[in-house]
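Undergrad: Structure incoming, see below.
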Amino acid sequence: MGEGRGSSTQRVMPRMVLREGNRRQLPDQFGQYWSQSDMLADGLTLVTSSYQPLKPLVEEAETAHSQPVLVMTFGLNGESNYIEKRGASMTFRQQHVTIASFHHSLGERYYPERQKVDQLRLLVSESMLERYIGGAATERLLGDYRLRQHAYSRLAPVAQQHLHSLQQAQGDMLSMHIHALNLLAAHLYLFEETREAARLHPQDVVAVERARDWMVAHLSETLSLCALALVVGLSGYKLKLTFHRHFNTTPG
């Protein structure tokens, strides 16, 4: 066990990880550490993890996939960091989603002392992503194979609802699959802007400005994205994407 950022830091090498089926864990001397991987469909994998190290912990990690993947990490509790050997770094924080892509990555994960860090990850393969956003957009997201962060955002209420439903569905593979796809759909707008930028159509600008005005005029009411989309004549997905592009925020 070597030194990490400080003399009391514990360092975990890949050979120390205990594996049984789709579950990984560390010896008790490190504290609480486990992760579980569930394949929900061909090209869609859910990884649930929980860490609570006794001391600051650095885990050496080398991850490779048969094809590039999009990884959506949802922070449930605590905060951790990842630093790749080539210099890229990412933060995973409670109530936030971090969206990245890579084919092969070598780096280190950092976990703070005695802080409980719970995370949920969705891994979406290149082939599955192509079915949802098309080949050209997928190529722009994943084409160079290196680790790239596409988005880091606070979780919207609708995403929190899907996340809660996914957690409650543990063991029911069909329900888990459905809720995982709902989570993916709820966040497409965050990285779809990597498509070649097209100017917003004037009618779409008018629609989202109407949506903003309607929200201001009805602040005392409980708003839903579907109801707001109906008011302005856009789909819920297009309203969220256009609202984000025009105002750099989301309608909820």
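To be explicit about the labels: the chains of the structure tokens are called A, B, and onward in the order shown, and within each one the residues are counted from 1, while ligands get numbers from 1 in the order they are shown.
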Quick one: residues within 9 Å of Thr250 in chain A, only C-alpha atoms counted, chain neighbours fewer than 3 positions away excluded, as a VMD selection string?

TA: chain A and resid 156 239 to 245 247

Undergrad: Near range 143-153 of chain A, counting only C-alpha atoms, which residues have an atom at most 10 Å away, once you skip same-chain residues fewer than 3 positions from it, shown as a PyMOL selection string?

TA: chain A and resi 67-74+84+86-93+95-106+126+136-140+156+187+189-194

Undergrad: Could you take the residues named above and write them with N, CA and C atoms, as a compact mmCIF listing (two decimals), in the first residue's frame?

TA:
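The resulting part-v8.txt:
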# COMPACT_ATOMS: atom_id res chain seq x y z
N GLN A 67 -16.12 -1.09 -27.27
CA GLN A 67 -16.42 0.05 -28.12
C GLN A 67 -16.58 1.27 -27.22
N PRO A 68 -16.47 2.48 -27.78
CA PRO A 68 -16.61 3.68 -26.95
C PRO A 68 -17.96 3.69 -26.23
N VAL A 69 -17.99 4.30 -25.05
CA VAL A 69 -19.22 4.37 -24.27
C VAL A 69 -19.46 5.79 -23.78
N LEU A 70 -20.72 6.11 -23.60
CA LEU A 70 -21.13 7.33 -22.91
C LEU A 70 -21.45 6.93 -21.49
N VAL A 71 -20.90 7.65 -20.51
CA VAL A 71 -21.10 7.32 -19.10
C VAL A 71 -21.78 8.49 -18.40
N MET A 72 -22.93 8.22 -17.81
CA MET A 72 -23.66 9.22 -17.05
C MET A 72 -23.57 8.84 -15.58
N THR A 73 -22.90 9.68 -14.78
CA THR A 73 -22.71 9.40 -13.36
C THR A 73 -23.60 10.31 -12.53
N PHE A 74 -24.47 9.70 -11.73
CA PHE A 74 -25.40 10.44 -10.89
C PHE A 74 -24.91 10.36 -9.44
N GLU A 84 -7.26 11.44 -14.81
CA GLU A 84 -6.69 10.53 -15.79
C GLU A 84 -5.19 10.78 -15.92
N ARG A 86 -3.47 11.19 -18.47
CA ARG A 86 -3.16 12.21 -19.48
C ARG A 86 -3.59 13.60 -19.04
N GLY A 87 -4.15 13.72 -17.83
CA GLY A 87 -4.43 15.05 -17.29
C GLY A 87 -5.88 15.44 -17.15
N ALA A 88 -6.78 14.77 -17.85
CA ALA A 88 -8.21 15.10 -17.73
C ALA A 88 -8.70 14.78 -16.33
N SER A 89 -9.62 15.59 -15.81
CA SER A 89 -10.15 15.35 -14.47
C SER A 89 -11.65 15.60 -14.45
N MET A 90 -12.33 14.92 -13.54
CA MET A 90 -13.77 15.07 -13.40
C MET A 90 -14.16 15.00 -11.94
N THR A 91 -15.24 15.68 -11.60
CA THR A 91 -15.80 15.66 -10.25
C THR A 91 -17.18 15.03 -10.30
N PHE A 92 -17.47 14.21 -9.30
CA PHE A 92 -18.78 13.58 -9.16
C PHE A 92 -19.35 14.02 -7.82
N ARG A 93 -20.48 14.72 -7.84
CA ARG A 93 -20.99 15.36 -6.63
C ARG A 93 -22.47 15.02 -6.42
N GLN A 95 -26.30 15.14 -5.99
CA GLN A 95 -27.34 15.92 -6.67
C GLN A 95 -26.87 16.51 -8.00
N HIS A 96 -25.82 15.95 -8.58
CA HIS A 96 -25.32 16.40 -9.88
C HIS A 96 -25.15 15.19 -10.80
N VAL A 97 -25.17 15.46 -12.10
CA VAL A 97 -24.87 14.44 -13.09
C VAL A 97 -23.64 14.87 -13.88
N THR A 98 -22.72 13.94 -14.07
CA THR A 98 -21.53 14.17 -14.87
C THR A 98 -21.61 13.23 -16.07
N ILE A 99 -21.51 13.79 -17.28
CA ILE A 99 -21.62 12.99 -18.49
C ILE A 99 -20.29 13.03 -19.24
N ALA A 100 -19.74 11.85 -19.50
CA ALA A 100 -18.43 11.75 -20.16
C ALA A 100 -18.46 10.59 -21.15
N SER A 101 -17.42 10.51 -21.97
CA SER A 101 -17.28 9.39 -22.90
C SER A 101 -15.82 8.99 -23.00
N PHE A 102 -15.58 7.72 -23.30
CA PHE A 102 -14.22 7.23 -23.50
C PHE A 102 -14.28 5.82 -24.07
N HIS A 103 -13.14 5.36 -24.52
CA HIS A 103 -12.98 3.97 -24.97
C HIS A 103 -12.08 3.22 -24.00
N HIS A 104 -10.99 3.86 -23.64
CA HIS A 104 -10.04 3.29 -22.69
C HIS A 104 -9.53 4.43 -21.81
N SER A 105 -9.49 4.20 -20.50
CA SER A 105 -9.04 5.26 -19.60
C SER A 105 -8.21 4.65 -18.48
N LEU A 106 -7.10 5.31 -18.17
CA LEU A 106 -6.20 4.91 -17.09
C LEU A 106 -6.01 6.10 -16.16
N GLU A 126 -21.69 2.75 -27.91
CA GLU A 126 -21.72 3.51 -29.15
C GLU A 126 -22.88 3.06 -30.04
N ALA A 136 -23.98 10.50 -37.00
CA ALA A 136 -23.13 11.70 -37.07
C ALA A 136 -22.92 12.30 -35.69
N ALA A 137 -24.01 12.43 -34.92
CA ALA A 137 -23.89 13.01 -33.58
C ALA A 137 -23.08 12.10 -32.66
N THR A 138 -23.26 10.78 -32.81
CA THR A 138 -22.49 9.84 -32.00
C THR A 138 -21.01 9.93 -32.32
N GLU A 139 -20.69 10.09 -33.60
CA GLU A 139 -19.29 10.23 -34.01
C GLU A 139 -18.67 11.47 -33.39
N ARG A 140 -19.42 12.56 -33.33
CA ARG A 140 -18.87 13.78 -32.73
C ARG A 140 -18.68 13.64 -31.23
N ALA A 156 -32.08 17.98 -12.36
CA ALA A 156 -33.39 18.60 -12.43
C ALA A 156 -34.40 17.73 -11.68
N HIS A 187 -31.71 13.61 -20.21
CA HIS A 187 -30.45 14.33 -20.26
C HIS A 187 -29.87 14.47 -21.67
N TYR A 189 -30.52 16.54 -23.90
CA TYR A 189 -30.29 17.94 -24.27
C TYR A 189 -28.93 18.44 -23.79
N LEU A 190 -28.36 17.84 -22.74
CA LEU A 190 -27.10 18.32 -22.20
C LEU A 190 -25.92 18.09 -23.13
N PHE A 191 -25.96 17.00 -23.88
CA PHE A 191 -24.82 16.73 -24.76
C PHE A 191 -25.20 16.74 -26.23
N GLU A 192 -26.47 16.89 -26.54
CA GLU A 192 -26.84 16.94 -27.94
C GLU A 192 -26.34 18.22 -28.59
N GLU A 193 -25.98 19.22 -27.80
CA GLU A 193 -25.45 20.45 -28.38
C GLU A 193 -24.08 20.25 -29.01
N THR A 194 -23.52 19.05 -28.86
CA THR A 194 -22.27 18.77 -29.56
C THR A 194 -22.51 18.50 -31.04

Undergrad: Enumerate the residues of range 5-248 of chain A with a DSSP assignment of alpha helix (DSSP H), computed from the backbone, and present them as JSON, numbers by chain.

TA: {"A": [126, 127, 128, 129, 130, 131, 132, 133, 135, 136, 137, 138, 139, 140, 141, 142, 157, 158, 159, 160, 161, 162, 163, 164, 165, 166, 167, 168, 173, 174, 175, 176, 177, 178, 179, 180, 181, 182, 183, 184, 185, 186, 187, 188, 189, 190, 191, 192, 202, 203, 204, 205, 206, 207, 208, 209, 210, 211, 212, 213, 214, 215, 216, 217, 225, 226, 227, 228, 229, 230, 231, 232, 236, 237, 238, 239, 240, 241, 242, 243, 244, 245, 246, 247]}

Undergrad: Near range 15-27 of chain A, counting only C-alpha atoms, which residues have an atom at most 6 Å away, once you skip same-chain residues fewer than 3 positions from it, shown as a VMD selection string?

TA: chain A and resid 33 to 37
